[in-house]
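Undergrad: My structure is stored as final_22.tsv, with TSV, C-alpha atoms.
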chain	number	residue	atom	x	y	z
A	1	MET	CA	-1.52	4.33	-24.17
A	2	THR	CA	1.35	3.69	-26.55
A	3	ALA	CA	1.11	1.75	-29.80
A	4	ALA	CA	3.41	-1.20	-30.32
A	5	HIS	CA	5.28	0.52	-33.18
A	6	ASP	CA	6.59	3.08	-30.68
A	7	VAL	CA	8.59	0.37	-28.91
A	8	PRO	CA	12.35	0.97	-28.82
A	9	ASP	CA	14.83	-1.71	-29.89
A	10	ILE	CA	15.07	-3.73	-26.68
A	11	PRO	CA	16.80	-7.03	-25.97
A	12	ASP	CA	14.92	-10.30	-25.76
A	13	ILE	CA	14.85	-12.02	-22.39
A	14	PRO	CA	14.08	-15.68	-23.05
A	15	ASP	CA	12.66	-18.02	-20.44
A	16	VAL	CA	11.44	-15.26	-18.12
A	17	PRO	CA	7.83	-15.60	-16.91
A	18	ASP	CA	5.44	-12.89	-18.02
A	19	ILE	CA	4.18	-10.60	-15.23
A	20	LEU	CA	0.65	-11.92	-15.79
A	21	SER	CA	1.66	-15.59	-15.55
A	22	GLN	CA	1.06	-17.90	-12.62
A	23	GLU	CA	4.79	-18.60	-12.42
A	24	PHE	CA	5.45	-14.91	-11.88
A	25	ALA	CA	2.67	-14.70	-9.28
A	26	ASP	CA	4.26	-17.61	-7.42
A	27	ASP	CA	7.66	-15.87	-7.31
A	28	PRO	CA	8.22	-12.58	-9.15
A	29	TYR	CA	11.81	-12.02	-8.03
A	30	PRO	CA	13.63	-14.07	-10.72
A	31	THR	CA	11.77	-12.08	-13.37
A	32	TYR	CA	12.56	-8.82	-11.60
A	33	ARG	CA	16.25	-9.75	-11.51
A	34	ALA	CA	16.34	-10.64	-15.21
A	35	LEU	CA	14.59	-7.40	-16.17
A	36	ARG	CA	16.94	-5.25	-14.08
A	37	GLU	CA	20.02	-6.94	-15.48
A	38	SER	CA	19.12	-7.48	-19.14
A	39	ALA	CA	16.08	-5.45	-20.11
A	40	PRO	CA	15.46	-2.45	-17.84
A	41	LEU	CA	12.99	-1.03	-20.37
A	42	VAL	CA	10.53	-3.51	-21.87
A	43	TRP	CA	7.35	-3.02	-23.87
A	44	HIS	CA	4.61	-5.20	-22.38
A	45	ALA	CA	1.83	-5.61	-24.91
A	46	PRO	CA	-0.86	-7.12	-22.62
A	47	THR	CA	-0.80	-4.03	-20.36
A	48	GLN	CA	0.10	-1.62	-23.18
A	49	SER	CA	2.87	-0.21	-21.01
A	50	TYR	CA	6.62	-0.11	-20.61
A	51	LEU	CA	8.04	-2.03	-17.68
A	52	ILE	CA	10.82	-0.28	-15.74
A	53	SER	CA	12.67	-2.13	-13.01
A	54	ARG	CA	15.81	-0.28	-11.93
A	55	TYR	CA	15.79	1.88	-8.81
A	56	GLU	CA	17.03	5.03	-10.54
A	57	ASP	CA	14.35	4.82	-13.24
A	58	VAL	CA	11.43	4.12	-10.89
A	59	ALA	CA	12.59	6.89	-8.52
A	60	LEU	CA	12.72	9.33	-11.45
A	61	ALA	CA	9.19	8.39	-12.49
A	62	PHE	CA	7.92	8.96	-8.95
A	63	LYS	CA	9.70	12.21	-8.10
A	64	ASP	CA	7.86	14.31	-10.71
A	65	LYS	CA	11.20	16.02	-11.41
A	66	ASP	CA	10.97	18.51	-14.30
A	67	SER	CA	7.40	17.31	-14.91
A	68	LEU	CA	8.62	14.29	-16.87
A	69	PHE	CA	5.86	12.00	-15.65
A	70	THR	CA	2.22	12.50	-14.69
A	71	THR	CA	-0.43	10.46	-12.90
A	72	ASP	CA	-2.91	10.84	-15.75
A	73	ASN	CA	-3.11	7.04	-15.97
A	74	TYR	CA	-5.39	7.04	-12.93
A	75	ALA	CA	-8.15	8.54	-15.08
A	76	TRP	CA	-8.71	5.05	-16.49
A	77	GLN	CA	-7.07	2.94	-13.80
A	78	ALA	CA	-8.84	4.30	-10.69
A	79	GLU	CA	-11.35	7.04	-11.48
A	80	PRO	CA	-14.05	4.62	-12.73
A	81	VAL	CA	-14.35	3.12	-9.24
A	82	HIS	CA	-13.27	5.99	-6.96
A	83	GLY	CA	-14.12	9.15	-8.83
A	84	LYS	CA	-11.47	11.83	-9.25
A	85	THR	CA	-8.98	11.68	-6.37
A	86	LEU	CA	-5.61	12.99	-5.23
A	87	LEU	CA	-3.98	10.21	-7.24
A	88	GLN	CA	-4.52	11.88	-10.60
A	89	MET	CA	-4.55	15.56	-9.61
A	90	SER	CA	-1.63	17.86	-10.24
A	91	GLY	CA	-0.49	21.41	-9.62
A	92	ARG	CA	-2.63	23.70	-7.50
A	93	GLU	CA	-5.60	21.34	-7.54
A	94	HIS	CA	-3.48	18.58	-6.03
A	95	ALA	CA	-1.85	20.89	-3.47
A	96	THR	CA	-5.20	22.27	-2.32
A	97	ARG	CA	-6.92	18.91	-2.07
A	98	ARG	CA	-3.96	17.39	-0.23
A	99	ALA	CA	-3.99	20.31	2.21
A	100	LEU	CA	-7.66	19.61	2.91
A	101	VAL	CA	-7.14	15.97	3.89
A	102	ALA	CA	-3.55	15.79	5.17
A	103	PRO	CA	-4.07	17.27	8.69
A	104	ALA	CA	-6.05	14.18	9.75
A	105	PHE	CA	-3.01	11.97	9.12
A	106	ARG	CA	-0.30	13.76	11.08
A	107	GLY	CA	0.55	15.61	14.28
A	108	ASN	CA	-1.98	16.12	17.05
A	109	GLU	CA	-4.92	14.88	14.98
A	110	LEU	CA	-3.20	11.54	14.48
A	111	ARG	CA	-1.96	11.24	18.07
A	112	GLU	CA	-5.08	12.40	19.87
A	113	LYS	CA	-7.92	11.10	17.68
A	114	VAL	CA	-6.62	8.23	15.60
A	115	VAL	CA	-4.08	6.47	17.81
A	116	PRO	CA	-6.72	5.59	20.47
A	117	LEU	CA	-8.87	4.04	17.70
A	118	ILE	CA	-5.91	2.02	16.46
A	119	GLU	CA	-5.10	0.80	19.98
A	120	ARG	CA	-8.70	-0.20	20.68
A	121	ASN	CA	-9.19	-2.05	17.41
A	122	ALA	CA	-5.92	-3.96	17.77
A	123	ARG	CA	-6.82	-4.95	21.32
A	124	GLU	CA	-10.33	-6.09	20.37
A	125	LEU	CA	-9.09	-8.27	17.53
A	126	ILE	CA	-6.38	-9.81	19.70
A	127	ASP	CA	-8.88	-10.44	22.51
A	128	ALA	CA	-10.70	-12.83	20.16
A	129	PHE	CA	-7.71	-15.22	20.12
A	130	ARG	CA	-5.64	-14.14	23.12
A	131	ASP	CA	-6.46	-17.29	25.07
A	132	ALA	CA	-6.54	-19.68	22.10
A	133	GLY	CA	-2.83	-20.41	21.80
A	134	SER	CA	-2.94	-20.26	18.00
A	135	VAL	CA	-4.14	-17.95	15.22
A	136	ASP	CA	-3.76	-17.22	11.55
A	137	LEU	CA	-2.29	-13.72	11.68
A	138	VAL	CA	-3.71	-12.93	8.24
A	139	SER	CA	-7.33	-14.04	8.52
A	140	GLY	CA	-7.47	-13.57	12.31
A	141	PHE	CA	-5.94	-10.10	12.46
A	142	ALA	CA	-4.27	-8.34	9.52
A	143	SER	CA	-7.11	-8.63	7.01
A	144	HIS	CA	-9.60	-7.04	9.45
A	145	PHE	CA	-7.51	-4.54	11.38
A	146	PRO	CA	-7.06	-1.62	8.94
A	147	ILE	CA	-10.69	-1.78	7.76
A	148	THR	CA	-11.99	-1.48	11.32
A	149	VAL	CA	-9.60	1.42	12.01
A	150	ILE	CA	-10.59	3.37	8.89
A	151	ALA	CA	-14.31	2.72	9.39
A	152	ASP	CA	-14.02	4.03	12.97
A	153	MET	CA	-12.04	7.05	11.75
A	154	PHE	CA	-14.96	7.92	9.47
A	155	GLY	CA	-17.46	7.24	12.25
A	156	LEU	CA	-19.20	4.55	10.20
A	157	ASP	CA	-21.57	2.01	11.69
A	158	ARG	CA	-19.75	-1.22	12.54
A	159	SER	CA	-22.61	-3.19	11.00
A	160	GLY	CA	-21.56	-2.05	7.54
A	161	GLN	CA	-17.97	-3.24	7.74
A	162	GLU	CA	-18.55	-6.57	6.02
A	163	ARG	CA	-20.01	-4.80	2.99
A	164	ILE	CA	-17.22	-2.22	3.05
A	165	SER	CA	-14.64	-5.02	3.03
A	166	GLY	CA	-16.23	-6.52	-0.07
A	167	TRP	CA	-16.30	-3.16	-1.84
A	168	TYR	CA	-12.70	-2.31	-1.08
A	169	ARG	CA	-11.48	-5.69	-2.31
A	170	ALA	CA	-13.37	-5.13	-5.56
A	171	PHE	CA	-11.72	-1.69	-5.88
A	172	VAL	CA	-8.27	-3.20	-5.31
A	173	ALA	CA	-8.93	-5.86	-7.93
A	174	PHE	CA	-10.12	-3.25	-10.44
A	175	THR	CA	-7.05	-1.06	-9.96
A	176	GLY	CA	-4.74	-4.06	-10.35
A	177	ASN	CA	-6.65	-5.62	-13.25
A	178	LEU	CA	-3.60	-5.70	-15.49
A	179	ALA	CA	-5.01	-8.54	-17.59
A	180	GLY	CA	-8.20	-6.63	-18.41
A	181	ASP	CA	-10.54	-9.26	-16.99
A	182	PRO	CA	-14.08	-8.06	-17.87
A	183	GLU	CA	-15.64	-9.77	-14.85
A	184	CYS	CA	-13.23	-7.94	-12.56
A	185	ALA	CA	-14.09	-4.65	-14.28
A	186	ALA	CA	-17.81	-5.34	-13.92
A	187	ALA	CA	-17.41	-6.21	-10.23
A	188	GLY	CA	-15.57	-2.93	-9.69
A	189	ALA	CA	-18.38	-0.99	-11.36
A	190	ARG	CA	-21.00	-2.71	-9.19
A	191	ALA	CA	-18.97	-2.00	-6.05
A	192	GLN	CA	-18.62	1.66	-7.05
A	193	ALA	CA	-22.38	2.05	-7.44
A	194	GLU	CA	-23.13	0.25	-4.18
A	195	PHE	CA	-20.51	2.20	-2.24
A	196	ALA	CA	-21.84	5.51	-3.56
A	197	ALA	CA	-25.40	4.53	-2.63
A	198	TYR	CA	-24.17	3.70	0.88
A	199	MET	CA	-21.76	6.55	1.43
A	200	LEU	CA	-23.39	9.65	-0.06
A	201	PRO	CA	-26.40	9.60	2.31
A	202	VAL	CA	-24.00	9.15	5.24
A	203	ILE	CA	-22.02	12.20	4.10
A	204	ARG	CA	-25.14	14.32	3.68
A	205	ASP	CA	-26.36	13.32	7.13
A	206	ARG	CA	-22.95	14.04	8.66
A	207	ARG	CA	-23.03	17.58	7.28
A	208	GLU	CA	-26.20	18.10	9.29
A	209	HIS	CA	-24.93	16.29	12.41
A	210	LEU	CA	-21.22	16.94	12.73
A	211	GLY	CA	-19.17	14.86	15.13
A	212	ASP	CA	-15.57	14.40	16.18
A	213	ASP	CA	-14.58	12.11	13.32
A	214	LEU	CA	-12.70	12.27	10.03
A	215	LEU	CA	-15.86	12.45	7.93
A	216	SER	CA	-17.00	15.53	9.86
A	217	ALA	CA	-13.56	17.08	9.48
A	218	LEU	CA	-13.69	16.56	5.72
A	219	CYS	CA	-17.19	18.09	5.59
A	220	THR	CA	-15.95	21.30	7.22
A	221	ALA	CA	-12.37	21.51	5.88
A	222	GLU	CA	-11.56	24.62	3.85
A	223	VAL	CA	-8.35	25.81	2.21
A	224	ASP	CA	-8.18	29.09	0.26
A	225	GLY	CA	-11.95	29.15	0.01
A	226	VAL	CA	-12.11	25.61	-1.38
A	227	ARG	CA	-14.26	22.98	0.30
A	228	MET	CA	-14.91	19.37	-0.63
A	229	SER	CA	-18.18	18.36	-2.28
A	230	ASP	CA	-20.07	15.23	-1.27
A	231	GLU	CA	-18.63	13.48	-4.32
A	232	ASP	CA	-15.09	14.62	-3.40
A	233	ILE	CA	-15.47	13.19	0.10
A	234	LYS	CA	-16.95	9.94	-1.18
A	235	ALA	CA	-14.04	9.56	-3.59
A	236	PHE	CA	-11.49	10.15	-0.83
A	237	CYS	CA	-13.23	7.65	1.48
A	238	SER	CA	-13.18	5.08	-1.31
A	239	LEU	CA	-9.50	5.71	-2.00
A	240	LEU	CA	-8.47	5.56	1.66
A	241	LEU	CA	-10.36	2.33	2.23
A	242	THR	CA	-8.63	0.81	-0.78
A	243	ALA	CA	-5.09	2.13	-0.43
A	244	GLY	CA	-5.02	2.24	3.37
A	245	ALA	CA	-6.52	-1.15	4.09
A	246	GLU	CA	-4.78	-3.17	1.40
A	247	THR	CA	-1.30	-1.86	2.14
A	248	THR	CA	-1.49	-2.04	5.93
A	249	ASP	CA	-3.03	-5.52	5.83
A	250	LYS	CA	-0.15	-6.83	3.73
A	251	ALA	CA	2.52	-4.81	5.54
A	252	ILE	CA	1.65	-6.32	8.92
A	253	ALA	CA	1.53	-9.83	7.48
A	254	GLY	CA	4.78	-9.27	5.58
A	255	LEU	CA	6.57	-7.91	8.62
A	256	PHE	CA	5.68	-10.94	10.74
A	257	SER	CA	6.49	-13.32	7.89
A	258	ASN	CA	9.94	-11.78	7.58
A	259	LEU	CA	10.59	-11.86	11.33
A	260	LEU	CA	9.36	-15.44	11.73
A	261	ALA	CA	11.81	-16.48	9.01
A	262	ASP	CA	14.71	-15.24	11.17
A	263	PRO	CA	14.27	-16.00	14.89
A	264	ARG	CA	17.26	-13.82	15.79
A	265	GLN	CA	15.70	-10.74	14.26
A	266	LEU	CA	12.32	-11.60	15.80
A	267	ALA	CA	13.98	-11.86	19.21
A	268	ALA	CA	15.76	-8.54	18.67
A	269	VAL	CA	12.52	-6.72	17.81
A	270	ARG	CA	10.69	-8.37	20.69
A	271	GLN	CA	13.42	-7.22	23.07
A	272	ASP	CA	13.83	-3.71	21.64
A	273	ARG	CA	10.54	-2.32	20.35
A	274	THR	CA	12.24	0.76	18.91
A	275	LEU	CA	13.29	-1.62	16.12
A	276	ILE	CA	9.69	-1.93	14.90
A	277	ASP	CA	10.14	1.14	12.70
A	278	ARG	CA	13.22	-0.44	11.14
A	279	ALA	CA	11.41	-3.75	10.67
A	280	PHE	CA	8.51	-1.98	8.96
A	281	ALA	CA	10.80	0.09	6.73
A	282	GLU	CA	12.78	-3.00	5.75
A	283	THR	CA	9.55	-4.88	5.01
A	284	LEU	CA	8.45	-2.03	2.73
A	285	ARG	CA	11.76	-2.38	0.89
A	286	HIS	CA	12.15	-6.15	0.87
A	287	SER	CA	8.54	-7.26	0.41
A	288	PRO	CA	6.40	-4.21	-0.39
A	289	PRO	CA	2.60	-4.52	-0.23
A	290	VAL	CA	2.29	-2.75	-3.60
A	291	HIS	CA	4.57	-4.16	-6.31
A	292	MET	CA	3.53	-1.99	-9.24
A	293	ILE	CA	2.46	1.62	-9.73
A	294	MET	CA	1.84	3.22	-13.11
A	295	ARG	CA	2.83	6.64	-14.42
A	296	GLN	CA	2.49	8.37	-17.78
A	297	ALA	CA	5.29	10.11	-19.66
A	298	ALA	CA	4.56	13.80	-20.26
A	299	VAL	CA	7.45	14.11	-22.74
A	300	ASP	CA	9.95	11.75	-24.32
A	301	VAL	CA	11.96	10.42	-21.36
A	302	THR	CA	15.32	8.67	-21.60
A	303	LEU	CA	15.72	5.85	-19.09
A	304	SER	CA	18.01	2.87	-18.74
A	305	GLY	CA	17.66	0.88	-21.94
A	306	GLY	CA	16.01	3.47	-24.16
A	307	THR	CA	13.44	6.23	-24.47
A	308	VAL	CA	9.81	6.21	-23.38
A	309	PRO	CA	7.73	8.31	-25.80
A	310	ALA	CA	5.45	11.09	-24.62
A	311	GLY	CA	2.01	9.82	-23.66
A	312	ALA	CA	3.17	6.27	-22.96
A	313	THR	CA	2.28	4.47	-19.75
A	314	VAL	CA	5.07	3.01	-17.65
A	315	THR	CA	4.58	0.27	-15.08
A	316	CYS	CA	7.01	0.96	-12.27
A	317	LEU	CA	8.07	-2.37	-10.77
A	318	ILE	CA	8.56	-1.39	-7.14
A	319	GLY	CA	9.27	-4.99	-6.16
A	320	ALA	CA	12.22	-4.99	-8.57
A	321	ALA	CA	13.52	-1.50	-7.83
A	322	ASN	CA	13.51	-2.06	-4.07
A	323	ARG	CA	15.89	-4.99	-4.56
A	324	ASP	CA	18.25	-3.28	-6.98
A	325	PRO	CA	21.82	-4.23	-6.01
A	326	ALA	CA	22.99	-0.91	-7.42
A	327	HIS	CA	21.18	0.74	-4.51
A	328	TYR	CA	21.15	-1.83	-1.70
A	329	LYS	CA	23.74	-4.30	-0.46
A	330	ASP	CA	22.61	-7.94	-0.52
A	331	PRO	CA	19.13	-6.75	-1.51
A	332	ASP	CA	17.35	-10.12	-1.33
A	333	ARG	CA	18.17	-10.43	2.37
A	334	PHE	CA	15.73	-9.08	4.96
A	335	ASP	CA	17.85	-7.23	7.50
A	336	VAL	CA	16.41	-4.99	10.20
A	337	PHE	CA	19.92	-3.70	10.86
A	338	ARG	CA	20.96	-2.80	7.31
A	339	ASP	CA	22.81	0.51	7.10
A	340	ASP	CA	21.64	1.50	3.62
A	341	LEU	CA	18.00	2.14	4.57
A	342	THR	CA	17.11	5.11	6.77
A	343	ALA	CA	14.23	4.33	9.12
A	344	THR	CA	13.91	7.95	10.29
A	345	THR	CA	12.87	9.09	6.80
A	346	ALA	CA	11.13	5.89	5.70
A	347	PHE	CA	7.66	7.37	6.25
A	348	SER	CA	8.25	10.70	4.52
A	349	ALA	CA	8.75	11.90	0.94
A	350	ALA	CA	12.50	11.59	1.60
A	351	ALA	CA	12.23	7.79	1.98
A	352	ASP	CA	14.98	5.55	0.58
A	353	HIS	CA	12.56	2.80	-0.44
A	354	LEU	CA	9.91	3.26	-3.12
A	355	ALA	CA	6.94	1.47	-1.53
A	356	PHE	CA	5.05	4.71	-0.83
A	357	ALA	CA	6.19	6.40	-4.09
A	358	LEU	CA	8.08	9.71	-3.79
A	359	GLY	CA	7.62	13.40	-4.46
A	360	ARG	CA	4.30	15.23	-4.46
A	361	HIS	CA	2.36	11.98	-4.69
A	362	PHE	CA	4.07	10.33	-1.71
A	363	CYS	CA	1.43	8.37	0.20
A	364	VAL	CA	-0.63	10.80	2.30
A	365	GLY	CA	-1.41	8.01	4.77
A	366	ALA	CA	2.18	6.90	5.42
A	367	LEU	CA	2.19	8.10	9.04
A	368	LEU	CA	-1.18	6.45	9.64
A	369	ALA	CA	0.24	3.18	8.33
A	370	ARG	CA	3.29	3.60	10.54
A	371	ALA	CA	1.11	4.12	13.62
A	372	GLU	CA	-1.06	1.12	12.76
A	373	VAL	CA	1.90	-1.19	12.19
A	374	GLU	CA	3.77	-0.02	15.29
A	375	ILE	CA	0.76	-0.40	17.59
A	376	ALA	CA	-0.36	-3.71	16.09
A	377	THR	CA	3.15	-5.19	16.27
A	378	ASN	CA	3.62	-4.10	19.87
A	379	GLN	CA	0.27	-5.54	20.96
A	380	LEU	CA	0.77	-8.79	19.05
A	381	LEU	CA	4.24	-9.32	20.53
A	382	ASP	CA	2.89	-8.58	24.03
A	383	ALA	CA	0.05	-11.09	23.57
A	384	MET	CA	2.30	-13.75	22.04
A	385	PRO	CA	5.72	-13.52	23.71
A	386	ASP	CA	6.76	-16.95	22.40
A	387	LEU	CA	5.25	-16.54	18.93
A	388	ARG	CA	6.33	-19.36	16.60
A	389	PRO	CA	5.24	-21.03	13.35
A	390	ALA	CA	2.50	-23.63	13.79
A	391	SER	CA	1.99	-26.95	12.05
A	392	GLY	CA	0.90	-26.16	8.50
A	393	TYR	CA	2.63	-22.77	8.54
A	394	ASP	CA	3.04	-21.57	4.96
A	395	PRO	CA	4.00	-17.91	4.47
A	396	ALA	CA	3.88	-18.09	0.67
A	397	ALA	CA	2.87	-14.73	-0.75
A	398	GLN	CA	0.12	-14.20	-3.31
A	399	GLY	CA	-0.80	-11.38	-5.64
A	400	VAL	CA	0.80	-9.48	-8.50
A	401	PHE	CA	-0.17	-5.80	-8.29
A	402	THR	CA	-0.40	-6.03	-4.52
A	403	ARG	CA	1.25	-8.92	-2.71
A	404	GLY	CA	1.40	-10.47	0.74
A	405	PRO	CA	1.27	-13.77	2.67
A	406	ARG	CA	-1.98	-15.67	2.18
A	407	SER	CA	-1.72	-17.25	5.65
A	408	LEU	CA	0.48	-17.13	8.77
A	409	LEU	CA	-0.50	-19.93	11.16
A	410	VAL	CA	1.27	-19.40	14.48
A	411	ASP	CA	1.25	-20.92	17.96
A	412	PHE	CA	1.92	-19.20	21.26
A	413	THR	CA	1.48	-19.85	24.95
A	414	PRO	CA	-1.66	-18.08	26.16
A	415	PRO	CA	-1.53	-16.17	29.44
A	416	THR	CA	-2.43	-18.11	32.56
A	417	ALA	CA	-5.91	-17.53	33.89
Would it be possible to restate this file's structure as structure tokens?

TA:
Amino acid sequence: MTAAHDVPDIPDIPDVPDILSQEFADDPYPTYRALRESAPLVWHAPTQSYLISRYEDVALAFKDKDSLFTTDNYAWQAEPVHGKTLLQMSGREHATRRALVAPAFRGNELREKVVPLIERNARELIDAFRDAGSVDLVSGFASHFPITVIADMFGLDRSGQERISGWYRAFVAFTGNLAGDPECAAAGARAQAEFAAYMLPVIRDRREHLGDDLLSALCTAEVDGVRMSDEDIKAFCSLLLTAGAETTDKAIAGLFSNLLADPRQLAAVRQDRTLIDRAFAETLRHSPPVHMIMRQAAVDVTLSGGTVPAGATVTCLIGAANRDPAHYKDPDRFDVFRDDLTATTAFSAAADHLAFALGRHFCVGALLARAEVEIATNQLLDAMPDLRPASGYDPAAQGVFTRGPRSLLVDFTPPTA
């Protein structure tokens, strides 16, 4: 953390809501715009961090270029609830641990083992409202879908999913506890203890009774003589449940919110399903599920507006950077057809947008998220060919650290019996 006297001489930005205010939570984009334009480097005392908002600065912080920034901040931001994970590792330790877990999220493993689970879970959730003619896409689908997929990937008992959902939401709240709410911190600690008590016996039993699931694969994975301990596996499960569920939940809701706001684009995606990738990529840019990610300066780093001193924490405002007019044309407009965002690289470390970070710490589950969103969107559009906003439809987003629609009430014509 950086002391206030280390703050550079930065301009004042009057009448801009603080990032912890309700006004900001209601609509962060005016603040993002003001920061980009007038104060691209701001010391934020409540979070003891520098806020950076321009695309070039956030991209630099993420790319790990010349070892300017580290992920050491996760030692206090995430380790208390997850244990030590990929998030905060670096160098050989990070490369080895990533090599242990990455195969499950790409190639044949993803296609042959995970895609069928995704398809089944999407179908089962849709079956619950297929004949109803209306649904809230958030509470009726998106908020459940990624949790059921990840739990099935691990081979966990379906009966435990309600508890798992509660734990992961407590983990998300802890990681995004920018205001330092002690009750939130205490809830995260309780969830960590309860999740460990649940998960460690499952891992030990799985080592004795291996199956064809991700947990078994993690129990037997080995790279250069390194294997994962029970605690390592528990930490990864905790991280995947948190990062994978929260982002996919909000990405699916955000994608449909954006399409429902523009019937022409919704019709285009319904007609040409190859556009789903573009719609997902543009959602990640325009309305990312994660709005803020922190990094720590390893050395003094010069950015737009001044210098961040070594050891300081920076809060990278993804929601601001992804709408930087210096990088995107008409950035506040959702446009599936924009020509300054490359869908073919949107789910790799070469992505144009910053929603999955960049560099060595690019999201290991990006291809899993892509598969989940593509399959879910296809099945939802098939089940609801005339999908439309219902009475009471209100796509207003909520959240600060992570953000997405709180509700998406829609009507559709159910299939004839």

Undergrad: One decimal, Å: what's the distance from atom CA of A:Val336 over to atom CA of A:Arg273, could you say?

TA: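 Taking atom CA of A:Val336 as the start and atom CA of A:Arg273 as the end point, the length is 12.0 Å.
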
Undergrad: Find, counting all atoms listed in the file, the residue in A:Ile164, A:Asp382, A:Gly359, A:Ala221 that gets nearest to A:Lys63.

TA: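 Smallest separation from A:Lys63 among the options: A:Gly359.
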
Undergrad: Step by step: start from the point (14.1, 10.8, -22.3) in the file's coordinates, keep every protein, DNA or RNA residue that has an atom no farther than 12 Å from it, count all atoms listed in the file, and write the set as JSON, numbers by chain.

TA: {"A": [8, 57, 60, 61, 66, 67, 68, 69, 297, 298, 299, 300, 301, 302, 303, 304, 305, 306, 307, 308, 309, 310, 312]}

Undergrad: Mind pulling up the distance from atom CA of A:Ala122 to atom CA of A:Ala350?

TA: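 Atom CA of A:Ala350 sits 29.0 Å away from atom CA of A:Ala122.
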
Undergrad: Can you work out which one of A:Ile52, A:Val223, A:Val400, A:Ile293 has the shortest atom-to-atom distance to A:Ala39, counting all atoms listed in the file?

TA: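 Counting all atoms listed in the file, the residue closest to A:Ala39 is A:Ile52.
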
Undergrad: Around the point (4.8, -3.1, -5.8), in the coordinates given by the file, pick out the residues reaching within 9 Å, counting only C-alpha atoms, and return them as a list in words.

TA: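 Final list of nearby residues, as requested, is Ser287, Pro288, Pro289, Val290, His291, Met292, Ile293, Cys316, Leu317, Ile318, Gly319, Ala320, Asn322, Leu354, Ala355, Val400, Phe401, Thr402 and Arg403 of chain A.
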
Undergrad: Looking at all atoms listed in the file, which of A:Ala390, A:Ala179, A:Ala196, A:Val81 is the one that sits closest to A:Ser49?

TA: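 Closest candidate: A:Ala179.
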
Undergrad: Just want the 9 Å neighbourhood of stretch 94-104 of chain A, counted on all atoms listed in the file, with same-chain residues fewer than 6 positions away dropped. Output as a ChimeraX atom specification.

TA: /A:85-88,110,113-114,214,217-218,221-224,226-228,236,360-361,364-365

Undergrad: Just checking: using all atoms listed in the file, which residue out of A:Arg54, A:His144, A:His353, A:Arg278 ends up closest to A:Leu35?

TA: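 For A:Leu35, the nearest of the given residues is A:Arg54.
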
Undergrad: What is the atom CA of A:Val42-atom CA of A:Ala173 distance in Å, reported with one decimal?

TA: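 Atom CA of A:Ala173 lies 24.1 Å from atom CA of A:Val42.
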
Undergrad: Applying 9 Å and all atoms listed in the file, which residues near A:Asp230 remain after dropping the ones on its own chain fewer than 3 positions away? List them as a list in words.

TA: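 Result of the neighbour search: Leu200, Ile203, Arg204, Cys219, Ile233, Lys234 and Ala235 of chain A.
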
Undergrad: Go through A:Ser257, A:Thr315, A:Asn121, A:Ser139 and flag the residue nearest A:Ala376, using all atoms listed in the file for the distances.

TA: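 The closest residue to A:Ala376 is A:Asn121.
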
Undergrad: Ranking A:Arg370, A:Arg123, A:Arg33, A:Arg130 by minimum distance to A:Ile252 and counting all atoms listed in the file, which one comes first?

TA: A:Arg370

Undergrad: Write out as a list in words each polymer residue whose atoms come within 10 Å of A:Ile150, counting only C-alpha atoms; drop sequence neighbours fewer than 5 positions from it.

TA: Val114, Leu117, Ile118, Phe145, Gly155, Leu156, Gln161, Leu214, Cys237, Leu240, Leu241, Gly244, Ala245 and Leu368 of chain A

Undergrad: Could you list, as a ChimeraX atom specification, every residue within 10 Å of A:Ala193, counting all atoms listed in the file and ignoring same-chain residues fewer than 5 positions away?

TA: /A:81-82,167,188,198-199
